[in-house]
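A.B. asks: Please find one structure pasted underneath; my questions will follow.
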Amino acid sequence: MTVRFPRVLVVDDEADLRELLELTLLKMGLEVDCAATLGEARALLAQSGVEYQLVLTDMRLPDGLGLELVREVSAAHRNTPIAVVTAFGSAENAVVALKAGAFDYISKPVALDQLRVMVRSALRLSGGVPEGEAPPVKPAPSRLRGSSAVIEALRAQIARLARSMAPIAINGESGSGKELAAREIHAQSSRAAKPFIAVNCGAIPEALMEAEFFGYRKGAFTGAADERDGFFQAANGGTLMLDEVADLPLAMQVKLLRAIQERRVRKIGATAEEPVDVRIISATHKNLVQCVEQGSFRQDLYYRLNVIELSLPPLRERLDDLPVLTDGILERLGTFETQVRLGDGVLDALRSYSFPGNVRELENILERALAFANDGVIQVADLALKGARMVEATVPLPTPTTPAPYLAASEAAAMRLPLDDSAAAAAATHLAPMAVLSAAATAVPLPPAALDGAQLAADWPPLPQIDVLPPNLPEFLNRIERELILRALAQTQFNRTQAAQLLGISFRQLRYQMQKLDIQEPEA
């Protein structure tokens with residue numbers, strides 16, 4: 001039986017470097033073909049019956065650019081990873097190659113230990129097993145629950161990204177599962193058997209950041225009783241996730257940029273750098289482009305981290321996944337004796353909610369509801385969803401038949417609160433500008449489709465009939481809000497705590513609105 005060893009194609013016009021790469025790969029037990037030009041490489045790739053487990057090409061060749069070969073191999077040989085050799089300090093070329101589909105890159109002068117690590121990663125990815133190594137482990141089931149179209153597209157994108165070693169920037173709202181997506185990328189990559197280290201950049205004190213990221217030597221500073229590795233050393237061979245990377249101070253961004261670019265770090269108190277092999281995945285809920293424009297985030301670091309961008313959908317865009325997500329959460333919340341389930345109408349109530357906190361908020365809602373549920377059955381009332389944050393259905397207004405001012409008299413009367421003499425006198429100066437509300441229209445009843453929602457707010461004043469649209473909607477709404485707040489304050493003799501309770505908002509919300517609308521307490 002003939003044993004077939006993994007085959008590698010080396011493309012470089014420098015004979016000395018080509019020979020060095022060939023000898024190193026032969027010692028690893030690989031078969032090697034060499035080419036000095038793009039034409040020779042294309043001819044070798046076109047041979048029938050020959051399949052390469054890795055292509056290693058220089059960026060500059062006599063008859064063209066290695067970037068052309070990167071695009072051709074990525075398009076025609078999808079299962080063959082291709083890596084590039086770049087000149088020292090030309091990080092921009094490496095970024096361009098990674099975006100074009102390169103698996104990884106290595107800088108000149110070529111460090112043989114880094115070359116071996118990269119080759120082993122590529123062979124694990126392509127299915128070729130280096131001599132003396134165990135076959136790759138079958139990947140675990142996906143961590144991303146759901147079967148909606150957006151989640152299926154996200155899984156497919158992650159499967160493609162996992163094959164590359166390029167840095168990935170994950171964008172998404174808070175609670176949308178950025179760390180879960182990063183772990184999924186790591187699990188499907190050739191680094192799955194190596195460590196995955198997640199770091200919350202916003203939770204590390206600035207004075208300790210360098211020691212936490214790069215480690216320190218014994219005696220490097222007061223209290224350094226032992227030598228300690230940093231996050232980069234702990235993630236060596238695997239993946240390092242930088243969560244909330246936008247919170248890094250500028251001084252640390254400079255050091256992080258060098259570590260990512262050179263793939264070497266120096267511990268505090270050390271004189272020499274040590275090589276590290278990590279894949280960087282960053283995540284943030286902030287807009288990094290705006291941070292760069294504002295000067296709080298370095299542009300060069302942004303381009304190093306944002307080689308490939310992965311956007312996560314918010315929960316409100318994948319509501320079809322709610323049954324699967326709730327089942328998984330309830331399974332985790334239940335016990336051996338008690339199984340948790342949802343009552344009638346609960347899923348419909350959840351679908352009508354906007355979920356500003358995404359999946360994390362869904363977990364919080366169900367865990368809180370379980371505490372109030374009877375016999376492990378969660379009912380709609382147990383959810384305690386805030387109506388102000390519900391997704392509202394669009395209700396068309398009926399066509400008005402008679403002209404009306406901005407605010408109907410019926411609404412003004414409904415909003416009017418009884419005042420005692422002293423409170424009315426104290427608020428008279430505030431209420432005078434709003435006393436011009438006209439009394440020429442009747443209230444518009446809610447259409448039948450909205451009657452169910454209206455049951456929850458039976459004490460609210462009816463909606464006004466509006467015929468003449470305001471020229472400035474925000475200003476118009478501010479006037480109405482100011483009127484309501486002033487009347488609540490007048491009724492409570494400017495007791496802001498009681499006024500907030502009357503309006504159904506928190507004290508802090510009322511204080512904020514008073515500042516925004518310039519509502520001042522009258523002098524005694």
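Residues in the structure tokens are numbered from 1 in each chain, the chains being A, B, ... in the order shown, and ligands are numbered from 1 in the order shown.
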DSSP on the backbone: what in region 58-241 of chain A comes out strand (DSSP E or B), as JSON, numbers by chain?
C.D. replies: {"A": [58, 60, 61, 64, 65, 82, 83, 84, 85, 86, 104, 105, 106, 107, 168, 169, 170, 171, 196, 197, 198, 199, 200, 216, 228, 239, 240, 241]}
A.B. asks: Selected residues, N, CA and C atoms, written as a tab-separated table (two decimals), in the first residue's frame, please.
C.D. replies:
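Wrote it out as selection.tsv, contents follow:
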```
chain	number	residue	atom	x	y	z
A	58	ASP	N	5.27	33.96	-2.58
A	58	ASP	CA	5.81	35.29	-2.32
A	58	ASP	C	4.84	36.33	-2.88
A	60	ARG	N	5.74	39.24	-4.39
A	60	ARG	CA	6.27	39.83	-5.64
A	60	ARG	C	6.98	38.75	-6.44
A	61	LEU	N	6.54	38.55	-7.67
A	61	LEU	CA	7.12	37.54	-8.55
A	61	LEU	C	7.49	38.20	-9.89
A	64	GLY	N	4.35	38.85	-12.18
A	64	GLY	CA	3.10	39.32	-11.58
A	64	GLY	C	3.17	39.35	-10.06
A	65	LEU	N	2.02	39.49	-9.45
A	65	LEU	CA	1.92	39.56	-7.99
A	65	LEU	C	1.35	38.26	-7.43
A	82	ILE	N	-3.99	28.93	1.07
A	82	ILE	CA	-2.82	29.58	0.48
A	82	ILE	C	-2.32	30.64	1.45
A	83	ALA	N	-1.02	30.65	1.69
A	83	ALA	CA	-0.38	31.62	2.58
A	83	ALA	C	0.62	32.43	1.78
A	84	VAL	N	0.92	33.64	2.26
A	84	VAL	CA	1.82	34.53	1.54
A	84	VAL	C	3.04	34.85	2.39
A	85	VAL	N	4.14	35.12	1.71
A	85	VAL	CA	5.38	35.55	2.35
A	85	VAL	C	5.55	37.02	2.01
A	86	THR	N	5.59	37.88	3.02
A	86	THR	CA	5.68	39.32	2.81
A	86	THR	C	7.03	39.84	3.27
A	104	ASP	N	-3.16	32.70	5.71
A	104	ASP	CA	-2.29	33.32	6.71
A	104	ASP	C	-1.12	33.95	5.99
A	105	TYR	N	-0.22	34.57	6.73
A	105	TYR	CA	0.98	35.17	6.14
A	105	TYR	C	2.15	34.98	7.08
A	106	ILE	N	3.35	35.12	6.52
A	106	ILE	CA	4.57	35.06	7.31
A	106	ILE	C	5.54	36.09	6.74
A	107	SER	N	6.27	36.76	7.60
A	107	SER	CA	7.14	37.87	7.18
A	107	SER	C	8.58	37.40	6.98
A	168	ILE	N	-10.62	38.95	12.83
A	168	ILE	CA	-12.05	39.17	12.60
A	168	ILE	C	-12.56	40.18	13.61
A	169	ALA	N	-13.35	41.14	13.14
A	169	ALA	CA	-14.02	42.11	14.01
A	169	ALA	C	-15.51	41.79	14.02
A	170	ILE	N	-16.04	41.45	15.20
A	170	ILE	CA	-17.45	41.11	15.33
A	170	ILE	C	-18.21	42.33	15.84
A	171	ASN	N	-19.23	42.73	15.11
A	171	ASN	CA	-20.05	43.86	15.50
A	171	ASN	C	-21.45	43.38	15.83
A	196	PHE	N	-8.89	28.87	23.91
A	196	PHE	CA	-9.66	30.05	23.54
A	196	PHE	C	-9.71	30.95	24.76
A	197	ILE	N	-9.14	32.14	24.65
A	197	ILE	CA	-9.07	33.07	25.78
A	197	ILE	C	-9.89	34.31	25.43
A	198	ALA	N	-10.92	34.58	26.24
A	198	ALA	CA	-11.75	35.78	26.05
A	198	ALA	C	-11.38	36.82	27.10
A	199	VAL	N	-11.15	38.05	26.66
A	199	VAL	CA	-10.72	39.12	27.54
A	199	VAL	C	-11.66	40.30	27.40
A	200	ASN	N	-12.21	40.78	28.51
A	200	ASN	CA	-13.02	42.00	28.50
A	200	ASN	C	-12.10	43.19	28.71
A	216	TYR	N	4.78	39.12	32.91
A	216	TYR	CA	5.91	39.82	33.53
A	216	TYR	C	6.88	38.81	34.11
A	228	ARG	N	4.97	35.32	35.37
A	228	ARG	CA	3.57	35.06	34.99
A	228	ARG	C	3.38	35.32	33.50
A	239	THR	N	-6.87	30.99	20.04
A	239	THR	CA	-7.58	32.22	19.67
A	239	THR	C	-7.67	33.13	20.88
A	240	LEU	N	-7.41	34.43	20.66
A	240	LEU	CA	-7.54	35.45	21.70
A	240	LEU	C	-8.66	36.39	21.29
A	241	MET	N	-9.72	36.45	22.10
A	241	MET	CA	-10.84	37.34	21.81
A	241	MET	C	-10.73	38.59	22.67
```
A.B. asks: Using only C-alpha atoms, determine which residues lie at most 12 Å from Ile281 (chain A), disregarding the query and same-chain residues fewer than 6 positions distant; provide the list as a PDB file with C-alpha atoms, in the first residue's frame.
C.D. replies:
```pdb
ATOM      1  CA  LEU A 161     -14.186  32.541   8.154  1.00  0.00           C
ATOM      2  CA  ALA A 162     -12.990  29.619  10.283  1.00  0.00           C
ATOM      3  CA  SER A 164      -8.714  31.674   7.520  1.00  0.00           C
ATOM      4  CA  MET A 165      -6.315  32.967  10.148  1.00  0.00           C
ATOM      5  CA  ALA A 166      -7.192  36.599   9.362  1.00  0.00           C
ATOM      6  CA  PRO A 167      -8.272  38.829  12.269  1.00  0.00           C
ATOM      7  CA  ILE A 168     -12.047  39.169  12.599  1.00  0.00           C
ATOM      8  CA  ALA A 169     -14.018  42.107  14.008  1.00  0.00           C
ATOM      9  CA  ILE A 170     -17.452  41.106  15.330  1.00  0.00           C
ATOM     10  CA  ASN A 171     -20.052  43.860  15.504  1.00  0.00           C
ATOM     11  CA  LYS A 178     -20.580  38.104  20.090  1.00  0.00           C
ATOM     12  CA  GLU A 179     -18.527  35.821  22.338  1.00  0.00           C
ATOM     13  CA  LEU A 180     -20.660  32.840  21.300  1.00  0.00           C
ATOM     14  CA  ALA A 181     -19.884  33.593  17.636  1.00  0.00           C
ATOM     15  CA  ALA A 182     -16.174  33.906  18.454  1.00  0.00           C
ATOM     16  CA  ARG A 183     -16.193  30.519  20.175  1.00  0.00           C
ATOM     17  CA  GLU A 184     -17.989  29.048  17.156  1.00  0.00           C
ATOM     18  CA  ILE A 185     -15.272  30.369  14.830  1.00  0.00           C
ATOM     19  CA  HIS A 186     -12.587  28.895  17.078  1.00  0.00           C
ATOM     20  CA  PHE A 196      -9.664  30.054  23.538  1.00  0.00           C
ATOM     21  CA  ILE A 197      -9.073  33.067  25.779  1.00  0.00           C
ATOM     22  CA  ALA A 198     -11.753  35.780  26.046  1.00  0.00           C
ATOM     23  CA  VAL A 199     -10.717  39.120  27.544  1.00  0.00           C
ATOM     24  CA  ALA A 235      -3.717  31.713  24.030  1.00  0.00           C
ATOM     25  CA  GLY A 238      -5.278  29.210  19.775  1.00  0.00           C
ATOM     26  CA  THR A 239      -7.580  32.219  19.671  1.00  0.00           C
ATOM     27  CA  LEU A 240      -7.540  35.449  21.697  1.00  0.00           C
ATOM     28  CA  MET A 241     -10.840  37.340  21.814  1.00  0.00           C
ATOM     29  CA  LEU A 242     -10.656  41.033  22.691  1.00  0.00           C
ATOM     30  CA  ASP A 243     -14.159  41.927  23.858  1.00  0.00           C
ATOM     31  CA  GLU A 244     -15.111  45.627  24.047  1.00  0.00           C
ATOM     32  CA  VAL A 245     -11.855  46.499  22.295  1.00  0.00           C
ATOM     33  CA  ILE A 260      -0.458  41.752  16.474  1.00  0.00           C
ATOM     34  CA  ARG A 304      -5.315  45.487  11.615  1.00  0.00           C
ATOM     35  CA  LEU A 305      -8.330  44.221  13.579  1.00  0.00           C
ATOM     36  CA  ASN A 306     -11.005  44.822  10.955  1.00  0.00           C
ATOM     37  CA  VAL A 307      -9.568  42.626   8.191  1.00  0.00           C
ATOM     38  CA  ILE A 308     -12.829  40.654   8.081  1.00  0.00           C
ATOM     39  CA  GLU A 309     -16.060  42.023   9.548  1.00  0.00           C
ATOM     40  CA  LEU A 310     -18.822  39.838  10.983  1.00  0.00           C
TER      41      LEU A 310
END
```
A.B. asks: Taking 4 positions as the minimum chain separation for residues in the same chain, which residues sit within 12 Å of Leu383 (chain A) when counting only C-alpha atoms? Answer as a compact mmCIF listing (two decimals) with all heavy atoms, in the first residue's frame.
C.D. replies:
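Result went into part12.txt, see below:
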```
# COMPACT_ATOMS: atom_id res chain seq x y z
N LEU A 342 -43.80 27.12 28.97
CA LEU A 342 -44.49 28.39 28.74
C LEU A 342 -45.99 28.16 28.64
O LEU A 342 -46.45 27.17 28.05
CB LEU A 342 -43.99 29.05 27.45
CG LEU A 342 -42.50 29.38 27.39
CD1 LEU A 342 -42.17 30.02 26.04
CD2 LEU A 342 -42.09 30.29 28.53
N GLY A 343 -46.76 29.09 29.22
CA GLY A 343 -48.21 29.02 29.13
C GLY A 343 -48.71 29.56 27.80
O GLY A 343 -47.94 29.99 26.93
N GLY A 345 -50.08 31.90 25.02
CA GLY A 345 -49.91 33.31 24.68
C GLY A 345 -48.57 33.91 25.05
O GLY A 345 -48.31 35.07 24.72
N VAL A 346 -47.69 33.14 25.72
CA VAL A 346 -46.41 33.71 26.16
C VAL A 346 -45.50 34.00 24.96
O VAL A 346 -44.88 35.07 24.88
CB VAL A 346 -45.71 32.77 27.17
CG1 VAL A 346 -44.30 33.28 27.48
CG2 VAL A 346 -46.53 32.66 28.45
N LEU A 347 -45.43 33.05 24.03
CA LEU A 347 -44.58 33.27 22.86
C LEU A 347 -45.07 34.46 22.04
O LEU A 347 -44.25 35.25 21.52
CB LEU A 347 -44.54 32.03 21.98
CG LEU A 347 -43.47 30.98 22.33
CD1 LEU A 347 -43.59 29.78 21.41
CD2 LEU A 347 -42.07 31.57 22.25
N ASP A 348 -46.39 34.62 21.92
CA ASP A 348 -46.93 35.78 21.19
C ASP A 348 -46.57 37.08 21.89
O ASP A 348 -46.24 38.09 21.23
CB ASP A 348 -48.45 35.66 21.06
CG ASP A 348 -48.86 34.50 20.15
OD1 ASP A 348 -48.05 34.12 19.28
OD2 ASP A 348 -49.97 33.96 20.33
N ALA A 349 -46.61 37.07 23.21
CA ALA A 349 -46.23 38.27 23.96
C ALA A 349 -44.75 38.58 23.77
O ALA A 349 -44.36 39.75 23.62
CB ALA A 349 -46.55 38.09 25.45
N LEU A 350 -43.91 37.56 23.76
CA LEU A 350 -42.48 37.77 23.55
C LEU A 350 -42.20 38.29 22.14
O LEU A 350 -41.30 39.11 21.94
CB LEU A 350 -41.71 36.47 23.80
CG LEU A 350 -41.64 35.99 25.25
CD1 LEU A 350 -40.99 34.61 25.34
CD2 LEU A 350 -40.87 36.98 26.12
N TYR A 353 -42.33 42.02 21.70
CA TYR A 353 -41.38 42.81 22.48
C TYR A 353 -40.16 43.12 21.62
O TYR A 353 -39.76 42.33 20.76
CB TYR A 353 -40.99 42.02 23.73
CG TYR A 353 -40.18 42.80 24.73
CD1 TYR A 353 -40.69 43.95 25.32
CD2 TYR A 353 -38.91 42.38 25.10
CE1 TYR A 353 -39.96 44.65 26.25
CE2 TYR A 353 -38.17 43.08 26.04
CZ TYR A 353 -38.70 44.22 26.61
OH TYR A 353 -37.96 44.91 27.53
N GLU A 361 -31.21 39.64 27.42
CA GLU A 361 -32.43 40.13 28.08
C GLU A 361 -33.50 39.04 28.08
O GLU A 361 -34.26 38.92 29.05
CB GLU A 361 -32.95 41.38 27.38
CG GLU A 361 -34.15 41.98 28.10
CD GLU A 361 -34.64 43.26 27.46
OE1 GLU A 361 -34.17 43.60 26.36
OE2 GLU A 361 -35.51 43.92 28.05
N LEU A 362 -33.58 38.25 27.02
CA LEU A 362 -34.54 37.14 27.00
C LEU A 362 -34.26 36.17 28.15
O LEU A 362 -35.19 35.72 28.83
CB LEU A 362 -34.46 36.41 25.66
CG LEU A 362 -35.30 35.13 25.53
CD1 LEU A 362 -36.78 35.46 25.66
CD2 LEU A 362 -35.02 34.44 24.20
N GLU A 363 -33.00 35.85 28.38
CA GLU A 363 -32.65 34.99 29.51
C GLU A 363 -33.07 35.62 30.83
O GLU A 363 -33.60 34.95 31.72
CB GLU A 363 -31.14 34.73 29.50
CG GLU A 363 -30.64 33.91 28.33
CD GLU A 363 -29.15 33.73 28.36
OE1 GLU A 363 -28.49 34.36 29.20
OE2 GLU A 363 -28.63 32.93 27.55
N ASN A 364 -32.83 36.92 30.97
CA ASN A 364 -33.19 37.62 32.20
C ASN A 364 -34.70 37.61 32.42
O ASN A 364 -35.19 37.38 33.54
CB ASN A 364 -32.67 39.07 32.13
CG ASN A 364 -33.08 39.90 33.32
OD1 ASN A 364 -34.16 40.49 33.33
ND2 ASN A 364 -32.24 39.95 34.33
N ILE A 365 -35.48 37.84 31.35
CA ILE A 365 -36.94 37.87 31.45
C ILE A 365 -37.47 36.51 31.89
O ILE A 365 -38.31 36.41 32.79
CB ILE A 365 -37.55 38.29 30.10
CG1 ILE A 365 -37.28 39.78 29.84
CG2 ILE A 365 -39.05 38.02 30.08
CD1 ILE A 365 -37.69 40.23 28.45
N LEU A 366 -36.97 35.44 31.28
CA LEU A 366 -37.47 34.10 31.61
C LEU A 366 -37.05 33.68 33.02
O LEU A 366 -37.82 33.04 33.74
CB LEU A 366 -36.97 33.10 30.58
CG LEU A 366 -37.52 33.28 29.16
CD1 LEU A 366 -36.92 32.24 28.22
CD2 LEU A 366 -39.04 33.18 29.15
N GLU A 367 -35.83 34.04 33.42
CA GLU A 367 -35.39 33.67 34.77
C GLU A 367 -36.20 34.41 35.82
O GLU A 367 -36.57 33.84 36.86
CB GLU A 367 -33.89 33.99 34.92
CG GLU A 367 -33.31 33.48 36.22
CD GLU A 367 -31.79 33.62 36.26
OE1 GLU A 367 -31.21 34.13 35.27
OE2 GLU A 367 -31.19 33.23 37.27
N ARG A 368 -36.51 35.70 35.57
CA ARG A 368 -37.33 36.46 36.51
C ARG A 368 -38.75 35.92 36.53
O ARG A 368 -39.37 35.80 37.58
CB ARG A 368 -37.31 37.93 36.10
CG ARG A 368 -38.13 38.84 37.04
CD ARG A 368 -38.13 40.28 36.57
NE ARG A 368 -38.80 40.41 35.29
CZ ARG A 368 -38.26 40.96 34.21
NH1 ARG A 368 -37.01 41.38 34.25
NH2 ARG A 368 -38.95 41.06 33.08
N ALA A 369 -39.28 35.59 35.34
CA ALA A 369 -40.65 35.07 35.27
C ALA A 369 -40.78 33.75 36.01
O ALA A 369 -41.82 33.48 36.63
CB ALA A 369 -41.07 34.92 33.81
N LEU A 370 -39.75 32.92 35.95
CA LEU A 370 -39.79 31.63 36.63
C LEU A 370 -39.93 31.79 38.14
O LEU A 370 -40.57 30.98 38.81
CB LEU A 370 -38.54 30.82 36.29
CG LEU A 370 -38.44 29.43 36.92
CD1 LEU A 370 -39.63 28.56 36.51
CD2 LEU A 370 -37.13 28.76 36.53
N ALA A 371 -39.34 32.88 38.67
CA ALA A 371 -39.44 33.12 40.11
C ALA A 371 -40.87 33.42 40.54
O ALA A 371 -41.24 33.17 41.69
CB ALA A 371 -38.52 34.28 40.50
N PHE A 372 -41.69 33.95 39.62
CA PHE A 372 -43.10 34.27 39.95
C PHE A 372 -44.07 33.21 39.46
O PHE A 372 -45.26 33.28 39.78
CB PHE A 372 -43.48 35.63 39.34
CG PHE A 372 -42.73 36.79 39.91
CD1 PHE A 372 -41.63 37.32 39.24
CD2 PHE A 372 -43.09 37.35 41.11
CE1 PHE A 372 -40.93 38.40 39.75
CE2 PHE A 372 -42.39 38.42 41.65
CZ PHE A 372 -41.31 38.95 40.96
N ALA A 373 -43.59 32.25 38.69
CA ALA A 373 -44.48 31.27 38.08
C ALA A 373 -44.96 30.24 39.10
O ALA A 373 -44.28 29.95 40.09
CB ALA A 373 -43.77 30.57 36.92
N VAL A 377 -44.93 26.82 35.36
CA VAL A 377 -45.59 27.25 34.12
C VAL A 377 -45.57 28.78 34.08
O VAL A 377 -46.19 29.44 34.91
CB VAL A 377 -47.04 26.73 34.05
CG1 VAL A 377 -47.69 27.20 32.74
CG2 VAL A 377 -47.08 25.22 34.17
N ILE A 378 -44.85 29.33 33.13
CA ILE A 378 -44.72 30.79 33.00
C ILE A 378 -45.89 31.33 32.21
O ILE A 378 -46.17 30.88 31.09
CB ILE A 378 -43.39 31.15 32.30
CG1 ILE A 378 -42.20 30.70 33.17
CG2 ILE A 378 -43.32 32.64 32.03
CD1 ILE A 378 -40.85 30.95 32.53
N GLN A 379 -46.62 32.28 32.81
CA GLN A 379 -47.75 32.92 32.15
C GLN A 379 -47.36 34.31 31.66
O GLN A 379 -46.30 34.82 32.01
CB GLN A 379 -48.95 33.02 33.11
CG GLN A 379 -49.40 31.69 33.68
CD GLN A 379 -49.97 30.74 32.63
OE1 GLN A 379 -50.30 31.16 31.51
NE2 GLN A 379 -50.07 29.46 32.97
N GLY A 387 -44.62 48.00 28.85
CA GLY A 387 -45.35 48.39 27.66
C GLY A 387 -44.66 49.44 26.83
O GLY A 387 -44.79 49.48 25.62
```
A.B. asks: Fewer than 6 positions away in the same chain doesn't count, so skip those; otherwise give me all residues within 12 Å of Leu208 (chain A), counting only C-alpha atoms, as a PyMOL selection string.
C.D. replies: chain A and resi 201-202+214-216+221+230+249+252+268
A.B. asks: Write a file of the selected residues as a PDB file, in the first residue's frame, keeping N, CA and C atoms.
C.D. replies:
```
ATOM      1  N   CYS A 201     -11.813  43.906  27.635  1.00  0.00           N
ATOM      2  CA  CYS A 201     -10.842  45.001  27.713  1.00  0.00           C
ATOM      3  C   CYS A 201     -11.316  46.135  28.616  1.00  0.00           C
ATOM      4  N   GLY A 202     -12.618  46.289  28.768  1.00  0.00           N
ATOM      5  CA  GLY A 202     -13.125  47.369  29.603  1.00  0.00           C
ATOM      6  C   GLY A 202     -13.089  47.071  31.082  1.00  0.00           C
ATOM      7  N   PHE A 214       0.698  40.848  28.349  1.00  0.00           N
ATOM      8  CA  PHE A 214       2.007  40.343  27.928  1.00  0.00           C
ATOM      9  C   PHE A 214       2.750  39.568  29.013  1.00  0.00           C
ATOM     10  N   GLY A 215       2.263  39.601  30.259  1.00  0.00           N
ATOM     11  CA  GLY A 215       2.939  38.894  31.341  1.00  0.00           C
ATOM     12  C   GLY A 215       4.113  39.689  31.910  1.00  0.00           C
ATOM     13  N   TYR A 216       4.778  39.121  32.906  1.00  0.00           N
ATOM     14  CA  TYR A 216       5.909  39.824  33.531  1.00  0.00           C
ATOM     15  C   TYR A 216       6.881  38.805  34.106  1.00  0.00           C
ATOM     16  N   PHE A 221       8.500  44.262  39.103  1.00  0.00           N
ATOM     17  CA  PHE A 221       7.957  45.388  39.855  1.00  0.00           C
ATOM     18  C   PHE A 221       7.598  44.889  41.246  1.00  0.00           C
ATOM     19  N   GLY A 230       1.038  36.201  30.170  1.00  0.00           N
ATOM     20  CA  GLY A 230      -0.098  37.063  29.879  1.00  0.00           C
ATOM     21  C   GLY A 230      -1.116  36.360  29.004  1.00  0.00           C
ATOM     22  N   PRO A 249      -7.340  52.017  26.250  1.00  0.00           N
ATOM     23  CA  PRO A 249      -6.724  53.348  26.177  1.00  0.00           C
ATOM     24  C   PRO A 249      -5.716  53.422  25.033  1.00  0.00           C
ATOM     25  N   MET A 252      -2.267  51.687  25.348  1.00  0.00           N
ATOM     26  CA  MET A 252      -2.280  50.234  25.198  1.00  0.00           C
ATOM     27  C   MET A 252      -2.525  49.832  23.753  1.00  0.00           C
ATOM     28  N   ILE A 268       6.973  42.260  30.799  1.00  0.00           N
ATOM     29  CA  ILE A 268       7.515  43.351  31.609  1.00  0.00           C
ATOM     30  C   ILE A 268       8.740  42.829  32.374  1.00  0.00           C
TER      31      ILE A 268
END
```
A.B. asks: From the set A:Thr24, A:Thr271, A:Gln509, A:Gln299, which residue has the shortest atom-to-atom contact distance to Leu115 (chain A), counting only C-alpha atoms?
C.D. replies: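 Nearest to Leu115 (chain A): A:Thr24.
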A.B. asks: Running DSSP on the backbone, which parts of region 185-291 of chain A land in helix (DSSP H, G or I), as a PyMOL selection string?
C.D. replies: chain A and resi 185-188+201-203+206-214+231-234+245-247+250-262+288-291
